[in-house]
file coords.txt (compact mmCIF, C-alpha atoms and all ligand atoms)
# COMPACT_ATOMS: atom_id res chain seq x y z
CA MET J 1 -34.36 10.72 -107.02
CA LYS J 2 -31.91 13.41 -105.84
CA GLU J 3 -33.45 13.33 -102.39
CA SER J 4 -33.05 9.55 -102.04
CA ILE J 5 -29.34 9.82 -102.97
CA ARG J 6 -28.85 12.80 -100.65
CA LYS J 7 -30.53 10.97 -97.75
CA PHE J 8 -28.45 7.84 -98.33
CA ALA J 9 -25.17 9.80 -98.60
CA LEU J 10 -25.89 11.81 -95.44
CA GLU J 11 -26.75 8.66 -93.52
CA ALA J 12 -23.55 7.05 -94.82
CA GLY J 13 -21.55 9.92 -93.26
CA GLY J 14 -21.25 12.71 -95.82
CA GLU J 15 -21.86 16.15 -94.26
CA PHE J 16 -23.37 17.87 -97.30
CA VAL J 17 -24.36 16.62 -100.75
CA GLY J 18 -24.73 18.57 -103.99
CA PHE J 19 -25.61 17.71 -107.58
CA ALA J 20 -24.43 19.14 -110.89
CA TYR J 21 -25.09 18.37 -114.51
CA VAL J 22 -21.87 17.48 -116.30
CA SER J 23 -22.70 20.37 -118.65
CA ASP J 24 -22.50 22.80 -115.70
CA TYR J 25 -19.03 21.59 -114.66
CA GLU J 26 -16.40 23.98 -116.02
CA SER J 27 -12.76 23.15 -115.36
CA PRO J 28 -10.68 24.18 -118.38
CA ARG J 29 -7.50 22.36 -117.30
CA SER J 30 -9.14 19.03 -116.46
CA PRO J 31 -9.88 16.17 -118.85
CA SER J 32 -13.46 16.21 -120.11
CA ILE J 33 -15.86 14.03 -118.14
CA GLU J 34 -17.01 12.42 -121.41
CA LYS J 35 -13.49 11.01 -121.84
CA LEU J 36 -13.77 9.28 -118.48
CA PHE J 37 -17.38 8.13 -118.77
CA PRO J 38 -19.07 8.90 -122.10
CA ALA J 39 -22.65 8.42 -120.82
CA ALA J 40 -22.17 10.54 -117.67
CA LYS J 41 -24.90 13.13 -117.19
CA SER J 42 -24.46 14.20 -113.57
CA ILE J 43 -21.99 14.53 -110.73
CA VAL J 44 -22.86 13.83 -107.12
CA VAL J 45 -20.49 15.76 -104.85
CA ILE J 46 -20.12 14.99 -101.15
CA ALA J 47 -18.53 17.36 -98.62
CA TYR J 48 -16.75 16.27 -95.42
CA ALA J 49 -15.31 18.33 -92.59
CA GLU J 50 -11.55 18.37 -92.05
CA LEU J 51 -10.83 17.88 -88.33
CA SER J 52 -8.97 20.36 -86.12
CA THR J 53 -5.96 18.07 -86.66
CA CYS J 54 -4.96 20.46 -89.47
CA GLU J 55 -3.95 22.95 -86.71
CA SER J 56 -1.59 20.56 -84.92
CA PRO J 57 2.11 21.38 -85.02
CA SER J 58 2.69 17.61 -85.19
CA PRO J 59 2.86 16.49 -88.82
CA GLN J 60 1.83 13.02 -87.69
CA ILE J 61 -1.38 14.20 -85.97
CA ALA J 62 -2.23 16.55 -88.83
CA MET J 63 -1.72 13.86 -91.47
CA ASN J 64 -3.52 11.25 -89.42
CA GLY J 65 -6.69 13.38 -89.40
CA ARG J 66 -6.47 13.59 -93.19
CA MET J 67 -5.87 9.85 -93.50
CA ASP J 68 -8.93 9.14 -91.34
CA LEU J 69 -10.98 11.36 -93.60
CA MET J 70 -9.57 9.84 -96.78
CA GLU J 71 -10.35 6.33 -95.64
CA PHE J 72 -13.80 7.24 -94.38
CA SER J 73 -14.78 9.22 -97.46
CA ARG J 74 -13.57 6.46 -99.78
CA SER J 75 -15.97 4.11 -98.06
CA VAL J 76 -18.86 6.61 -98.18
CA ASN J 77 -18.19 7.27 -101.87
CA TYR J 78 -18.23 3.55 -102.67
CA LYS J 79 -21.46 2.99 -100.69
CA VAL J 80 -23.23 5.85 -102.50
CA ALA J 81 -22.03 4.56 -105.88
CA ARG J 82 -23.35 1.10 -105.07
CA PHE J 83 -26.65 2.60 -103.91
CA ILE J 84 -26.96 4.30 -107.32
CA GLU J 85 -26.18 1.04 -109.12
CA ARG J 86 -28.17 -1.37 -106.94
CA LYS J 87 -31.23 0.66 -105.96
CA LEU J 88 -31.52 3.09 -108.86
CA GLY J 89 -30.30 0.78 -111.63
CA ALA J 90 -27.87 3.34 -113.05
CA ALA J 91 -24.11 3.31 -113.74
CA ALA J 92 -21.80 5.01 -111.24
CA MET J 93 -18.06 5.76 -111.18
CA THR J 94 -16.21 7.02 -108.12
CA VAL J 95 -13.69 9.88 -108.32
CA PRO J 96 -10.60 9.74 -106.07
CA ILE J 97 -10.41 12.20 -103.18
CA SER J 98 -6.77 12.88 -104.12
CA TYR J 99 -4.94 9.87 -105.48
CA PRO J 100 -4.48 8.01 -107.80
CA LEU J 101 -3.52 10.82 -110.17
CA GLU J 102 -2.18 10.60 -113.69
CA MET J 103 1.58 10.74 -113.19
CA SER J 104 3.06 12.16 -116.40
CA MET J 105 5.31 15.02 -117.48
CA GLU J 106 2.25 16.56 -119.14
CA THR J 107 0.24 16.88 -115.92
CA MET J 108 3.23 16.84 -113.52
CA GLY J 109 1.02 14.74 -111.26
CA GLY J 110 -1.04 17.87 -110.58
CA VAL J 111 -4.31 17.38 -112.43
CA GLY J 112 -7.07 15.14 -111.11
CA GLU J 113 -9.41 13.18 -113.39
CA VAL J 114 -12.18 15.47 -112.12
CA SER J 115 -11.46 18.79 -110.44
CA LEU J 116 -13.36 18.37 -107.20
CA ARG J 117 -13.22 22.10 -106.45
CA HIS J 118 -14.89 22.98 -109.75
CA ALA J 119 -17.36 20.11 -109.28
CA ALA J 120 -18.20 21.38 -105.78
CA VAL J 121 -18.79 24.91 -107.08
CA ALA J 122 -21.04 23.56 -109.88
CA ALA J 123 -22.97 21.50 -107.29
CA GLY J 124 -23.66 24.51 -105.07
CA LEU J 125 -21.30 23.42 -102.30
CA GLY J 126 -19.22 26.59 -102.15
CA ALA J 127 -17.17 29.22 -103.91
CA PHE J 128 -13.43 29.77 -104.51
CA GLY J 129 -11.61 31.90 -101.94
CA ARG J 130 -8.36 33.91 -102.17
CA HIS J 131 -6.48 30.71 -101.27
CA ASN J 132 -7.93 28.95 -104.35
CA LEU J 133 -9.71 26.51 -102.07
CA VAL J 134 -13.46 26.18 -102.10
CA ILE J 135 -15.21 27.64 -99.07
CA HIS J 136 -18.38 25.88 -98.01
CA PRO J 137 -21.13 28.13 -96.54
CA GLU J 138 -21.13 26.18 -93.25
CA LEU J 139 -17.90 24.20 -93.07
CA GLY J 140 -15.81 27.12 -94.33
CA THR J 141 -12.39 26.24 -95.75
CA ARG J 142 -12.04 23.08 -93.70
CA VAL J 143 -13.83 20.93 -96.20
CA LEU J 144 -12.86 18.11 -98.54
CA PHE J 145 -14.86 16.68 -101.41
CA THR J 146 -15.43 13.37 -103.16
CA ALA J 147 -17.60 12.76 -106.21
CA ILE J 148 -19.47 10.14 -108.15
CA LEU J 149 -20.22 10.32 -111.87
CA THR J 150 -23.48 8.81 -113.01
CA ASP J 151 -25.68 8.52 -116.08
CA LEU J 152 -28.72 9.54 -114.00
CA ASP J 153 -30.38 12.86 -114.81
CA LEU J 154 -29.81 14.91 -111.63
CA PRO J 155 -30.41 18.66 -112.13
CA SER J 156 -27.79 21.03 -110.71
CA ASP J 157 -28.38 22.49 -107.26
CA PRO J 158 -28.45 26.29 -106.96
CA LYS J 159 -25.00 27.92 -106.71
CA ALA J 160 -23.69 29.11 -103.34
CA GLY J 161 -23.04 32.86 -103.03
CA GLU J 162 -19.73 34.22 -104.35
CA ASP J 163 -18.83 36.24 -101.25
CA LEU J 164 -17.76 33.52 -98.80
CA CYS J 165 -14.12 34.69 -98.68
CA ILE J 166 -13.65 37.63 -96.30
CA ASP J 167 -10.44 38.78 -98.05
CA CYS J 168 -8.47 38.93 -94.80
CA GLY J 169 -5.29 37.87 -96.61
CA LEU J 170 -4.23 35.48 -93.81
CA CYS J 171 -3.82 32.54 -96.21
CA VAL J 172 -1.46 34.60 -98.42
CA GLU J 173 0.53 35.86 -95.41
CA ASN J 174 0.80 32.43 -93.82
CA CYS J 175 1.86 30.47 -96.90
CA PRO J 176 5.53 29.64 -96.24
CA ALA J 177 6.15 29.08 -99.95
CA GLY J 178 4.60 32.36 -101.14
CA ALA J 179 2.53 30.08 -103.38
CA LEU J 180 -0.59 32.27 -103.17
CA ASP J 181 1.03 35.62 -103.93
CA LYS J 182 -0.55 35.87 -107.37
CA GLU J 183 -4.35 36.05 -107.12
CA GLY J 184 -6.30 33.18 -108.72
CA PHE J 185 -3.20 31.01 -109.10
CA THR J 186 -1.44 28.52 -106.82
CA ASP J 187 2.28 28.13 -107.50
CA PHE J 188 2.10 24.38 -107.89
CA SER J 189 5.80 23.55 -107.51
CA GLY J 190 6.32 26.01 -104.61
CA CYS J 191 3.36 24.54 -102.73
CA LEU J 192 4.34 20.97 -103.54
CA LYS J 193 8.00 21.31 -102.52
CA ASN J 194 7.00 22.85 -99.21
CA SER J 195 3.94 20.75 -98.40
CA GLN J 196 5.10 17.33 -99.63
CA PRO J 197 8.88 17.14 -99.13
CA TYR J 198 8.70 13.33 -99.13
CA GLY J 199 6.85 13.03 -102.43
CA LEU J 200 8.21 12.35 -105.90
CA GLY J 201 10.44 15.47 -105.93
CA GLY J 202 11.97 14.53 -102.56
CA MET J 203 12.52 10.99 -103.79
CA ILE J 204 14.26 12.16 -106.99
CA ARG J 205 16.46 14.57 -105.01
CA PHE J 206 17.41 11.86 -102.51
CA TRP J 207 18.35 9.24 -105.09
CA SER J 208 20.26 11.79 -107.18
CA GLN J 209 22.27 12.61 -104.04
CA VAL J 210 22.93 8.90 -103.45
CA PHE J 211 24.34 8.49 -106.97
CA GLU J 212 26.47 11.62 -106.62
CA THR J 213 27.94 10.67 -103.23
CA PRO J 214 31.18 8.62 -103.12
CA GLU J 215 30.45 4.99 -102.24
CA GLN J 216 32.11 5.02 -98.81
CA GLU J 217 29.96 7.99 -97.66
CA ARG J 218 26.61 6.77 -99.01
CA LYS J 219 25.60 4.80 -95.92
CA LYS J 220 25.30 8.05 -93.93
CA LEU J 221 22.43 9.14 -96.20
CA PHE J 222 20.40 6.12 -95.13
CA TYR J 223 20.83 6.98 -91.44
CA ASP J 224 19.29 10.38 -91.91
CA SER J 225 15.72 11.29 -90.90
CA HIS J 226 15.04 12.49 -94.45
CA TYR J 227 15.44 8.94 -95.75
CA TRP J 228 13.35 7.54 -92.89
CA LYS J 229 10.54 9.95 -93.74
CA LEU J 230 10.74 8.95 -97.41
CA TYR J 231 10.54 5.33 -96.29
CA GLN J 232 7.40 6.02 -94.24
CA ALA J 233 5.78 7.95 -97.11
CA GLY J 234 6.53 4.93 -99.33
CA PHE J 235 4.04 2.79 -97.50
CA ILE J 236 1.64 5.38 -96.06
CA GLY J 237 1.26 7.23 -99.35
CA PHE J 238 1.62 10.96 -99.86
CA GLN J 239 2.07 13.04 -96.72
CA TYR J 240 1.35 16.74 -96.33
CA VAL J 241 3.44 18.65 -93.81
CA CYS J 242 1.76 22.00 -94.49
CA TRP J 243 -1.86 22.97 -93.84
CA LYS J 244 -1.36 26.71 -93.42
CA CYS J 245 -3.82 27.99 -96.07
CA MET J 246 -6.53 25.77 -94.66
CA ALA J 247 -5.74 26.18 -90.94
CA SER J 248 -5.17 29.95 -91.01
CA CYS J 249 -8.50 30.70 -92.71
CA PRO J 250 -10.95 32.07 -90.14
CA VAL J 251 -14.01 31.25 -92.26
CA GLY J 252 -15.76 28.32 -90.65
CA SER J 253 -12.94 27.49 -88.22
CA LYS J 254 -14.19 26.87 -84.72
CA LYS J 255 -12.23 29.88 -83.52
CA GLY J 256 -13.23 32.22 -86.31
CA GLN J 257 -16.89 31.68 -86.88
CA THR J 258 -19.80 30.14 -85.06
CA PRO J 259 -21.65 27.90 -87.49
CA PRO J 260 -25.36 28.61 -87.88
CA THR J 261 -27.50 26.76 -85.32
CA PRO J 262 -29.18 23.68 -86.82
C1 LIG J 301 -3.12 18.00 -107.49
C2 LIG J 301 -3.75 18.63 -106.28
C3 LIG J 301 -2.99 19.54 -105.58
C4 LIG J 301 -1.74 20.20 -106.12
C5 LIG J 301 -2.22 21.52 -106.84
C6 LIG J 301 -2.41 21.42 -108.31
C7 LIG J 301 -3.44 22.46 -108.81
N1 LIG J 301 -3.05 23.47 -109.57
O1 LIG J 301 -4.59 22.40 -108.50
C8 LIG J 301 -0.99 20.58 -104.82
C9 LIG J 301 -0.12 19.47 -104.33
C10 LIG J 301 -0.14 21.84 -104.92
C11 LIG J 301 -2.19 20.72 -103.88
C12 LIG J 301 -2.16 21.47 -102.75
C13 LIG J 301 -3.22 21.54 -101.88
N2 LIG J 301 -4.34 20.81 -101.88
CO1 LIG J 301 -4.83 19.71 -103.33
N3 LIG J 301 -5.54 18.62 -104.73
C14 LIG J 301 -5.05 18.28 -105.88
C15 LIG J 301 -6.06 17.43 -106.64
C16 LIG J 301 -5.70 15.97 -106.44
C17 LIG J 301 -6.23 17.75 -108.11
C18 LIG J 301 -6.39 19.27 -108.41
C19 LIG J 301 -6.52 19.56 -109.87
O2 LIG J 301 -6.99 18.77 -110.65
N4 LIG J 301 -6.07 20.74 -110.25
C20 LIG J 301 -5.98 21.13 -111.64
C21 LIG J 301 -6.95 22.21 -112.02
C22 LIG J 301 -8.38 21.98 -111.65
O3 LIG J 301 -6.57 23.39 -111.35
P1 LIG J 301 -6.71 24.77 -112.10
O4 LIG J 301 -7.67 24.72 -113.23
O5 LIG J 301 -5.33 25.26 -112.35
O6 LIG J 301 -7.42 25.66 -111.00
C23 LIG J 301 -6.60 26.42 -110.15
C24 LIG J 301 -6.71 27.90 -110.36
O7 LIG J 301 -7.06 28.20 -111.68
C25 LIG J 301 -7.71 28.35 -109.34
N5 LIG J 301 -9.05 28.65 -109.86
C26 LIG J 301 -9.75 28.03 -110.80
N6 LIG J 301 -10.93 28.58 -110.96
C27 LIG J 301 -10.98 29.62 -110.07
C28 LIG J 301 -12.00 30.53 -109.83
C29 LIG J 301 -11.79 31.53 -108.85
C30 LIG J 301 -12.85 32.51 -108.57
C31 LIG J 301 -10.54 31.57 -108.12
C32 LIG J 301 -10.28 32.60 -107.08
C33 LIG J 301 -9.54 30.62 -108.39
C34 LIG J 301 -9.79 29.67 -109.38
O8 LIG J 301 -7.86 27.31 -108.39
C35 LIG J 301 -7.06 26.23 -108.73
C36 LIG J 301 -5.87 26.20 -107.75
O9 LIG J 301 -4.64 26.43 -108.28
C37 LIG J 301 -7.40 17.78 -105.87
C38 LIG J 301 -8.44 16.67 -105.87
C39 LIG J 301 -9.24 16.76 -107.13
N7 LIG J 301 -9.38 15.66 -107.84
O10 LIG J 301 -9.74 17.80 -107.48
C40 LIG J 301 -6.89 18.15 -104.48
C41 LIG J 301 -7.58 19.29 -103.74
C42 LIG J 301 -7.74 20.46 -104.68
N8 LIG J 301 -6.60 19.69 -102.69
C43 LIG J 301 -7.12 20.03 -101.61
C44 LIG J 301 -6.37 20.57 -100.52
C45 LIG J 301 -7.09 20.71 -99.21
C46 LIG J 301 -5.02 20.95 -100.69
C47 LIG J 301 -4.05 21.62 -99.70
C48 LIG J 301 -4.67 22.49 -98.61
C49 LIG J 301 -3.06 20.62 -99.12
C50 LIG J 301 -3.43 19.95 -97.82
N9 LIG J 301 -2.56 20.04 -96.84
O11 LIG J 301 -4.47 19.36 -97.76
C51 LIG J 301 -3.20 22.46 -100.69
C52 LIG J 301 -3.86 23.79 -101.05
C53 LIG J 301 -3.12 24.57 -102.10
C54 LIG J 301 -3.88 25.81 -102.53
N10 LIG J 301 -4.20 26.71 -101.62
O12 LIG J 301 -4.14 25.97 -103.72
C55 LIG J 301 -8.64 19.88 -101.62
C56 LIG J 301 -9.32 21.26 -101.68
C57 LIG J 301 -10.59 21.33 -100.84
C58 LIG J 301 -11.16 22.72 -100.85
N11 LIG J 301 -11.74 23.11 -99.74
O13 LIG J 301 -11.12 23.41 -101.84
C59 LIG J 301 -8.88 18.98 -102.91
C60 LIG J 301 -10.12 19.31 -103.73
C61 LIG J 301 -8.94 17.54 -102.40
C62 LIG J 301 -10.33 17.12 -101.94
N12 LIG J 301 -10.70 15.90 -102.25
O14 LIG J 301 -11.08 17.84 -101.32
N13 LIG J 301 -3.25 20.00 -104.34

call {"tool": "encode", "arguments": {"input": "coords.txt", "output": "structure tokens"}}
result
Amino acid sequence: MKESIRKFALEAGGEFVGFAYVSDYESPRSPSIEKLFPAAKSIVVIAYAELSTCESPSPQIAMNGRMDLMEFSRSVNYKVARFIERKLGAAAMTVPISYPLEMSMETMGGVGEVSLRHAAVAAGLGAFGRHNLVIHPELGTRVLFTAILTDLDLPSDPKAGEDLCIDCGLCVENCPAGALDKEGFTDFSGCLKNSQPYGLGGMIRFWSQVFETPEQERKKLFYDSHYWKLYQAGFIGFQYVCWKCMASCPVGSKKGQTPPTP
């Protein structure tokens, strides 16, 4: 059964596919899978390569590569879920690649329904690196994940080795927010403020400024590129302007490592 799902997902456009029993998924800060889907037994995790767009100094080109991948992977995830339901007669629930997220003071909009990094590790698709991202044995750091929860019994794939990170420290050095200084921990607000200046925090800061500015001077704020970028983010969705931890990592980047020949 695993092989028929893997084959379908690869043909649909996923680059690598892994499986994990829900009982092998360990993410202490995330909600339990049972709360999301009580009958869930397994997680199907799909890996996709991030394009070289993450290296571009243009925030538009960099974000466009991510948007292409988000749209594409959403479609692959849906197709695989439907394959599980239609062909295998089981229940399937898709997990978002990033958003929607629970937006509450409790989670600060920073906890996904399923931690895709922990799911990927459980499904043998990689190991955490110094940058707290999961490194895939072939794709390196430039990898994103989606997942599907199902009530099918799909035994966990073997774990990837633990030594994928080469401890070069480039991610720590290149993080403009110093968000990776403490090992095993990403400074959430530092990373967020720097990488998503047009997100919720940026929006709150802008509107607070509007209310605090005397009426006759307010118009100027709307003719500022900051407001225009907030406007664009409003209809595009969240926009990252920083990719440094991902782009500076030599593991798996075209410049840093030749992938194994097929
Ligand atoms: C919210 C979110 C964020 C928040 C971070 C919140 C957080 N603490 O995780 C912010 C906005 C800061 C963020 C930033 C980024 N994100 Co983000 N994000 C998510 C999202 C939507 C949810 C993450 C979540 O639930 N975290 C909460 C829990 C799980 O985190 P945690 O228990 O505190 O675990 C942390 C540490 O304890 C540590 N950790 C846990 N176990 C272990 C074990 C070892 C051995 C080590 C060393 C570390 C470690 O790693 C975690 C990082 O802080 C996921 C998608 C998803 N649904 O998973 C994408 C996701 C994690 N993001 C991703 C990416 C790529 C990024 C960015 C590079 C931004 C960008 N430009 O794309 C940066 C990287 C920041 C970094 N180096 O840590 C990818 C990661 C892919 C990968 N290869 O690992 C994901 C999985 C999206 C995807 N679909 O692939 N993100």

call {"tool": "residues_near_ligand", "arguments": {"input": "coords.txt", "ligand": "ligand LIG 301 (chain J)", "cutoff": "7 Å", "atoms": "only C-alpha atoms and all ligand atoms", "output": "count of residues only"}}
result
49

call {"tool": "atom_distance", "arguments": {"input": "coords.txt", "atom1": "atom CA of Glu3 of chain J", "atom2": "atom CA of Gly89 of chain J"}}
result
15.9 Å

call {"tool": "closest_residue", "arguments": {"input": "coords.txt", "among": "J:Gly126, J:Pro100, J:Gly65, J:Gly178", "to": "Leu51 of chain J", "atoms": "all atoms listed in the file"}}
result
J:Gly65

call {"tool": "closest_residue", "arguments": {"input": "coords.txt", "among": "J:Ala122, J:Pro214, J:Pro59, J:Ala179", "to": "Pro197 of chain J", "atoms": "only C-alpha atoms"}}
result
J:Pro59

call {"tool": "atom_distance", "arguments": {"input": "coords.txt", "atom1": "atom CA of Glu55 of chain J", "atom2": "atom CA of Met103 of chain J"}}
result
29.7 Å

call {"tool": "residues_around", "arguments": {"input": "coords.txt", "residues": "Ile166 of chain J", "least_positions_apart": "3", "cutoff": "10 Å", "atoms": "all atoms listed in the file", "output": "VMD selection string"}}
result
chain J and resid 129 to 130 163 169 to 170 249 to 251

call {"tool": "write_last_selection", "arguments": {"input": "coords.txt", "atoms": "C-alpha atoms", "output": "PDB file, keeping the file's coordinate frame"}}
result
ATOM      1  CA  GLY J 129     -11.610  31.900-101.940  1.00  0.00           C
ATOM      2  CA  ARG J 130      -8.360  33.910-102.170  1.00  0.00           C
ATOM      3  CA  ASP J 163     -18.830  36.240-101.250  1.00  0.00           C
ATOM      4  CA  GLY J 169      -5.290  37.870 -96.610  1.00  0.00           C
ATOM      5  CA  LEU J 170      -4.230  35.480 -93.810  1.00  0.00           C
ATOM      6  CA  CYS J 249      -8.500  30.700 -92.710  1.00  0.00           C
ATOM      7  CA  PRO J 250     -10.950  32.070 -90.140  1.00  0.00           C
ATOM      8  CA  VAL J 251     -14.010  31.250 -92.260  1.00  0.00           C
TER       9      VAL J 251
END

call {"tool": "closest_residue", "arguments": {"input": "coords.txt", "among": "J:Met108, J:Cys165, J:Met70, J:Leu152", "to": "Gly237 of chain J", "atoms": "all atoms listed in the file"}}
result
J:Met70

call {"tool": "atom_distance", "arguments": {"input": "coords.txt", "atom1": "atom CA of Thr213 of chain J", "atom2": "atom CA of Leu200 of chain J"}}
result
20.0 Å
